[in-house]
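Below: work.json (JSON, C-alpha atoms)
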```json
[["chain", "number", "residue", "atom", "x", "y", "z"],
["A", 14, "MET", "CA", 109.74, 97.51, 55.44],
["A", 15, "ALA", "CA", 110.73, 96.14, 58.82],
["A", 16, "VAL", "CA", 109.58, 94.39, 61.95],
["A", 17, "HIS", "CA", 110.59, 96.11, 65.18],
["A", 18, "TYR", "CA", 110.49, 94.71, 68.70],
["A", 19, "CYS", "CA", 110.45, 96.98, 71.73],
["A", 20, "ASN", "CA", 109.28, 97.20, 75.33],
["A", 21, "ASP", "CA", 107.02, 99.46, 77.34],
["A", 22, "ASP", "CA", 106.90, 98.96, 81.11],
["A", 23, "CYS", "CA", 108.49, 95.49, 81.06],
["A", 24, "THR", "CA", 111.81, 93.79, 80.29],
["A", 25, "TYR", "CA", 110.65, 90.89, 78.09],
["A", 26, "ARG", "CA", 112.94, 89.92, 75.21],
["A", 27, "LEU", "CA", 111.59, 87.77, 72.41],
["A", 28, "PRO", "CA", 114.19, 85.17, 71.38],
["A", 29, "GLU", "CA", 115.12, 84.52, 67.74],
["A", 30, "LYS", "CA", 113.92, 87.86, 66.41],
["A", 31, "ARG", "CA", 115.45, 87.40, 62.94],
["A", 32, "ARG", "CA", 113.84, 84.00, 62.50],
["A", 33, "THR", "CA", 110.56, 85.37, 63.85],
["A", 34, "THR", "CA", 110.65, 88.16, 61.29],
["A", 35, "GLU", "CA", 111.26, 85.66, 58.46],
["A", 36, "TRP", "CA", 108.38, 83.57, 59.76],
["A", 37, "LEU", "CA", 106.04, 86.57, 59.92],
["A", 38, "ARG", "CA", 106.92, 87.50, 56.33],
["A", 39, "HIS", "CA", 106.02, 83.95, 55.33],
["A", 40, "VAL", "CA", 102.72, 84.14, 57.27],
["A", 41, "ALA", "CA", 101.73, 87.37, 55.51],
["A", 42, "GLU", "CA", 102.58, 85.85, 52.12],
["A", 43, "GLN", "CA", 100.55, 82.72, 52.89],
["A", 44, "GLU", "CA", 97.62, 85.00, 53.74],
["A", 45, "GLY", "CA", 98.02, 86.82, 50.41],
["A", 46, "TYR", "CA", 99.84, 89.95, 51.61],
["A", 47, "ARG", "CA", 103.27, 91.49, 52.00],
["A", 48, "LEU", "CA", 104.64, 92.41, 55.40],
["A", 49, "GLY", "CA", 105.24, 96.12, 55.82],
["A", 50, "ASP", "CA", 106.24, 98.03, 58.92],
["A", 51, "VAL", "CA", 105.14, 96.12, 62.00],
["A", 52, "THR", "CA", 106.09, 97.06, 65.54],
["A", 53, "TYR", "CA", 105.66, 94.66, 68.44],
["A", 54, "VAL", "CA", 105.53, 96.36, 71.83],
["A", 55, "PHE", "CA", 105.84, 94.00, 74.78],
["A", 56, "CYS", "CA", 104.28, 95.55, 77.87],
["A", 57, "SER", "CA", 102.86, 94.95, 81.33],
["A", 58, "ALA", "CA", 99.30, 93.99, 82.15],
["A", 59, "ALA", "CA", 98.70, 97.43, 83.66],
["A", 60, "ARG", "CA", 99.88, 99.18, 80.49],
["A", 61, "LEU", "CA", 97.70, 97.09, 78.16],
["A", 62, "LEU", "CA", 94.68, 97.43, 80.47],
["A", 63, "GLU", "CA", 95.14, 101.21, 80.32],
["A", 64, "MET", "CA", 95.26, 101.04, 76.50],
["A", 65, "ASN", "CA", 92.24, 98.74, 76.36],
["A", 66, "ARG", "CA", 90.25, 101.26, 78.40],
["A", 67, "GLN", "CA", 91.51, 104.32, 76.51],
["A", 68, "PHE", "CA", 91.30, 103.13, 72.92],
["A", 69, "LEU", "CA", 88.69, 100.37, 72.94],
["A", 70, "GLY", "CA", 86.49, 101.26, 75.92],
["A", 71, "HIS", "CA", 87.02, 97.79, 77.43],
["A", 72, "ASP", "CA", 87.65, 97.42, 81.15],
["A", 73, "TYR", "CA", 89.42, 94.05, 81.18],
["A", 74, "TYR", "CA", 92.82, 92.48, 80.64],
["A", 75, "THR", "CA", 93.73, 91.13, 77.23],
["A", 76, "ASP", "CA", 96.84, 89.53, 75.80],
["A", 77, "VAL", "CA", 97.08, 91.56, 72.59],
["A", 78, "ILE", "CA", 95.79, 94.75, 70.98],
["A", 79, "THR", "CA", 96.48, 95.35, 67.30],
["A", 80, "PHE", "CA", 96.42, 98.78, 65.68],
["A", 81, "ASP", "CA", 96.04, 98.13, 61.97],
["A", 82, "TYR", "CA", 97.50, 100.57, 59.40],
["A", 83, "SER", "CA", 97.37, 98.10, 56.51],
["A", 84, "ASP", "CA", 96.60, 98.80, 52.88],
["A", 85, "ARG", "CA", 95.22, 95.36, 52.08],
["A", 86, "LYS", "CA", 93.10, 96.47, 49.11],
["A", 87, "GLY", "CA", 95.64, 98.83, 47.58],
["A", 88, "SER", "CA", 99.25, 97.76, 47.82],
["A", 89, "GLY", "CA", 98.53, 94.53, 49.70],
["A", 90, "VAL", "CA", 100.95, 95.57, 52.44],
["A", 91, "VAL", "CA", 100.07, 94.85, 56.05],
["A", 92, "SER", "CA", 101.41, 97.21, 58.71],
["A", 93, "GLY", "CA", 100.59, 98.07, 62.28],
["A", 94, "ASP", "CA", 101.47, 98.23, 65.94],
["A", 95, "ILE", "CA", 100.89, 95.11, 68.04],
["A", 96, "PHE", "CA", 100.91, 95.51, 71.82],
["A", 97, "ILE", "CA", 101.36, 92.31, 73.82],
["A", 98, "ASP", "CA", 100.79, 91.94, 77.57],
["A", 99, "VAL", "CA", 103.54, 89.54, 78.64],
["A", 100, "GLU", "CA", 101.90, 88.86, 82.01],
["A", 101, "THR", "CA", 98.58, 87.76, 80.54],
["A", 102, "VAL", "CA", 100.41, 85.65, 77.95],
["A", 103, "ALA", "CA", 102.22, 83.88, 80.81],
["A", 104, "ASP", "CA", 98.91, 83.34, 82.65],
["A", 105, "ASN", "CA", 97.30, 81.96, 79.49],
["A", 106, "ALA", "CA", 100.23, 79.61, 78.91],
["A", 107, "ARG", "CA", 99.62, 78.08, 82.34],
["A", 108, "CYS", "CA", 95.88, 77.78, 81.65],
["A", 109, "TYR", "CA", 96.36, 76.16, 78.23],
["A", 110, "GLY", "CA", 99.28, 73.89, 79.21],
["A", 111, "ALA", "CA", 101.72, 75.62, 76.87],
["A", 112, "THR", "CA", 105.13, 77.05, 77.55],
["A", 113, "ARG", "CA", 105.38, 80.83, 77.82],
["A", 114, "LEU", "CA", 107.32, 80.96, 74.56],
["A", 115, "GLU", "CA", 104.80, 78.77, 72.71],
["A", 116, "GLU", "CA", 101.96, 81.02, 73.87],
["A", 117, "MET", "CA", 103.95, 84.13, 73.00],
["A", 118, "ARG", "CA", 104.50, 82.86, 69.45],
["A", 119, "ARG", "CA", 100.75, 82.19, 69.18],
["A", 120, "VAL", "CA", 99.99, 85.77, 70.22],
["A", 121, "VAL", "CA", 102.69, 87.16, 67.89],
["A", 122, "VAL", "CA", 101.16, 85.38, 64.88],
["A", 123, "HIS", "CA", 97.65, 86.28, 66.10],
["A", 124, "GLY", "CA", 98.55, 89.96, 65.72],
["A", 125, "VAL", "CA", 99.80, 89.52, 62.16],
["A", 126, "LEU", "CA", 96.68, 87.55, 61.26],
["A", 127, "HIS", "CA", 94.61, 90.52, 62.46],
["A", 128, "LEU", "CA", 96.68, 92.76, 60.17],
["A", 129, "CYS", "CA", 95.87, 90.33, 57.34],
["A", 130, "GLY", "CA", 92.17, 90.90, 58.03],
["A", 131, "GLN", "CA", 91.34, 87.85, 60.15],
["A", 132, "LYS", "CA", 88.67, 88.57, 62.75],
["A", 133, "ASP", "CA", 87.97, 86.65, 65.96],
["A", 134, "LYS", "CA", 84.88, 88.16, 67.57],
["A", 135, "THR", "CA", 82.35, 85.47, 66.62],
["A", 136, "PRO", "CA", 82.63, 81.76, 67.46],
["A", 137, "ARG", "CA", 83.12, 80.95, 63.77],
["A", 138, "SER", "CA", 85.78, 83.60, 63.10],
["A", 139, "ASN", "CA", 87.53, 82.73, 66.39],
["A", 140, "ALA", "CA", 87.71, 79.06, 65.38],
["A", 141, "GLN", "CA", 89.09, 80.08, 61.99],
["A", 142, "MET", "CA", 91.69, 82.30, 63.70],
["A", 143, "HIS", "CA", 92.75, 79.41, 65.92],
["A", 144, "ARG", "CA", 93.10, 77.04, 62.94],
["A", 145, "LYS", "CA", 95.27, 79.60, 61.14],
["A", 146, "GLU", "CA", 97.42, 80.11, 64.23],
["A", 147, "ASP", "CA", 97.93, 76.34, 64.49],
["A", 148, "ARG", "CA", 98.81, 76.04, 60.81],
["A", 149, "HIS", "CA", 101.33, 78.87, 60.93],
["A", 150, "LEU", "CA", 102.80, 77.70, 64.23],
["A", 151, "ALA", "CA", 103.48, 74.30, 62.65],
["A", 152, "TRP", "CA", 105.96, 76.09, 60.38],
["A", 153, "TRP", "CA", 107.99, 77.23, 63.38],
["A", 154, "ASN", "CA", 109.57, 73.79, 63.82],
["A", 155, "ARG", "CA", 110.71, 73.64, 60.20],
["A", 156, "PRO", "CA", 114.23, 74.73, 59.27],
["A", 157, "SER", "CA", 114.43, 78.48, 58.68],
["A", 158, "GLU", "CA", 115.48, 77.91, 55.04],
["A", 159, "GLU", "CA", 111.96, 76.56, 54.34],
["A", 160, "LEU", "CA", 110.41, 79.81, 55.57],
["A", 161, "LYS", "CA", 111.75, 81.80, 52.63]]
```
What is this file in structure tokens?
Amino acid sequence: MAVHYCNDDCTYRLPEKRRTTEWLRHVAEQEGYRLGDVTYVFCSAARLLEMNRQFLGHDYYTDVITFDYSDRKGSGVVSGDIFIDVETVADNARCYGATRLEEMRRVVVHGVLHLCGQKDKTPRSNAQMHRKEDRHLAWWNRPSEELK
């Protein structure tokens, strides 16, 4: 089982990939699952808009789309493809007063939380998603040995 990072129509490079992968394994475990095969695809706003239209029937920009292939009820392994629009993430960082990297980490963990079954379409589930993001992001500043 592995986490892969790649690009489609952009040149973004996520720093600290090994530590990020350890962190994501920890997040999945804290949510009651094991991390399986997860691929992050960093892409342009145009690419993710195209995907949003094609696969979800939505005609608007979004920062992340998660394709979930998890077996949460069987093996308890979460897997999927997570597409992240690096341009919208940068715009959101400016709006929320965060750095681009802080916002990117939020979106990265947001995708894994979706794989773990967390929804965000209602005000209540969105608030719960945000609380979980905050809790898991707090772990980022801890030494990597504590993530194991």
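Remark: for Gly124 in chain A, the closest of the candidate residues A:Leu61, A:Val77, A:Ala151, A:Met142 is A:Val77 (distances computed over all atoms listed in the file).
Separating CA of Tyr82 in chain A from CA of Phe96 in chain A is a distance of 13.8 Å.
Among the candidates A:Glu44, A:Asp104, A:Asp94, A:Glu115, the one nearest to Ala15 in chain A when counting all atoms listed in the file is A:Asp94.
Of the listed residues A:Cys23, A:Ala111, A:Val125, A:Ile97, the one whose atoms come nearest to Leu62 in chain A is A:Ile97, with distances taken using only C-alpha atoms.
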Could you give me, as a PyMOL selection string, the residues within 12 Å of Glu29 in chain A, counting all atoms listed in the file and dropping anything in the same chain fewer than 6 positions from it?
chain A and resi 18+35-36+114+118+153+157
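In this structure, CA of Ile95 in chain A sits 11.8 Å away from CA of Met64 in chain A.
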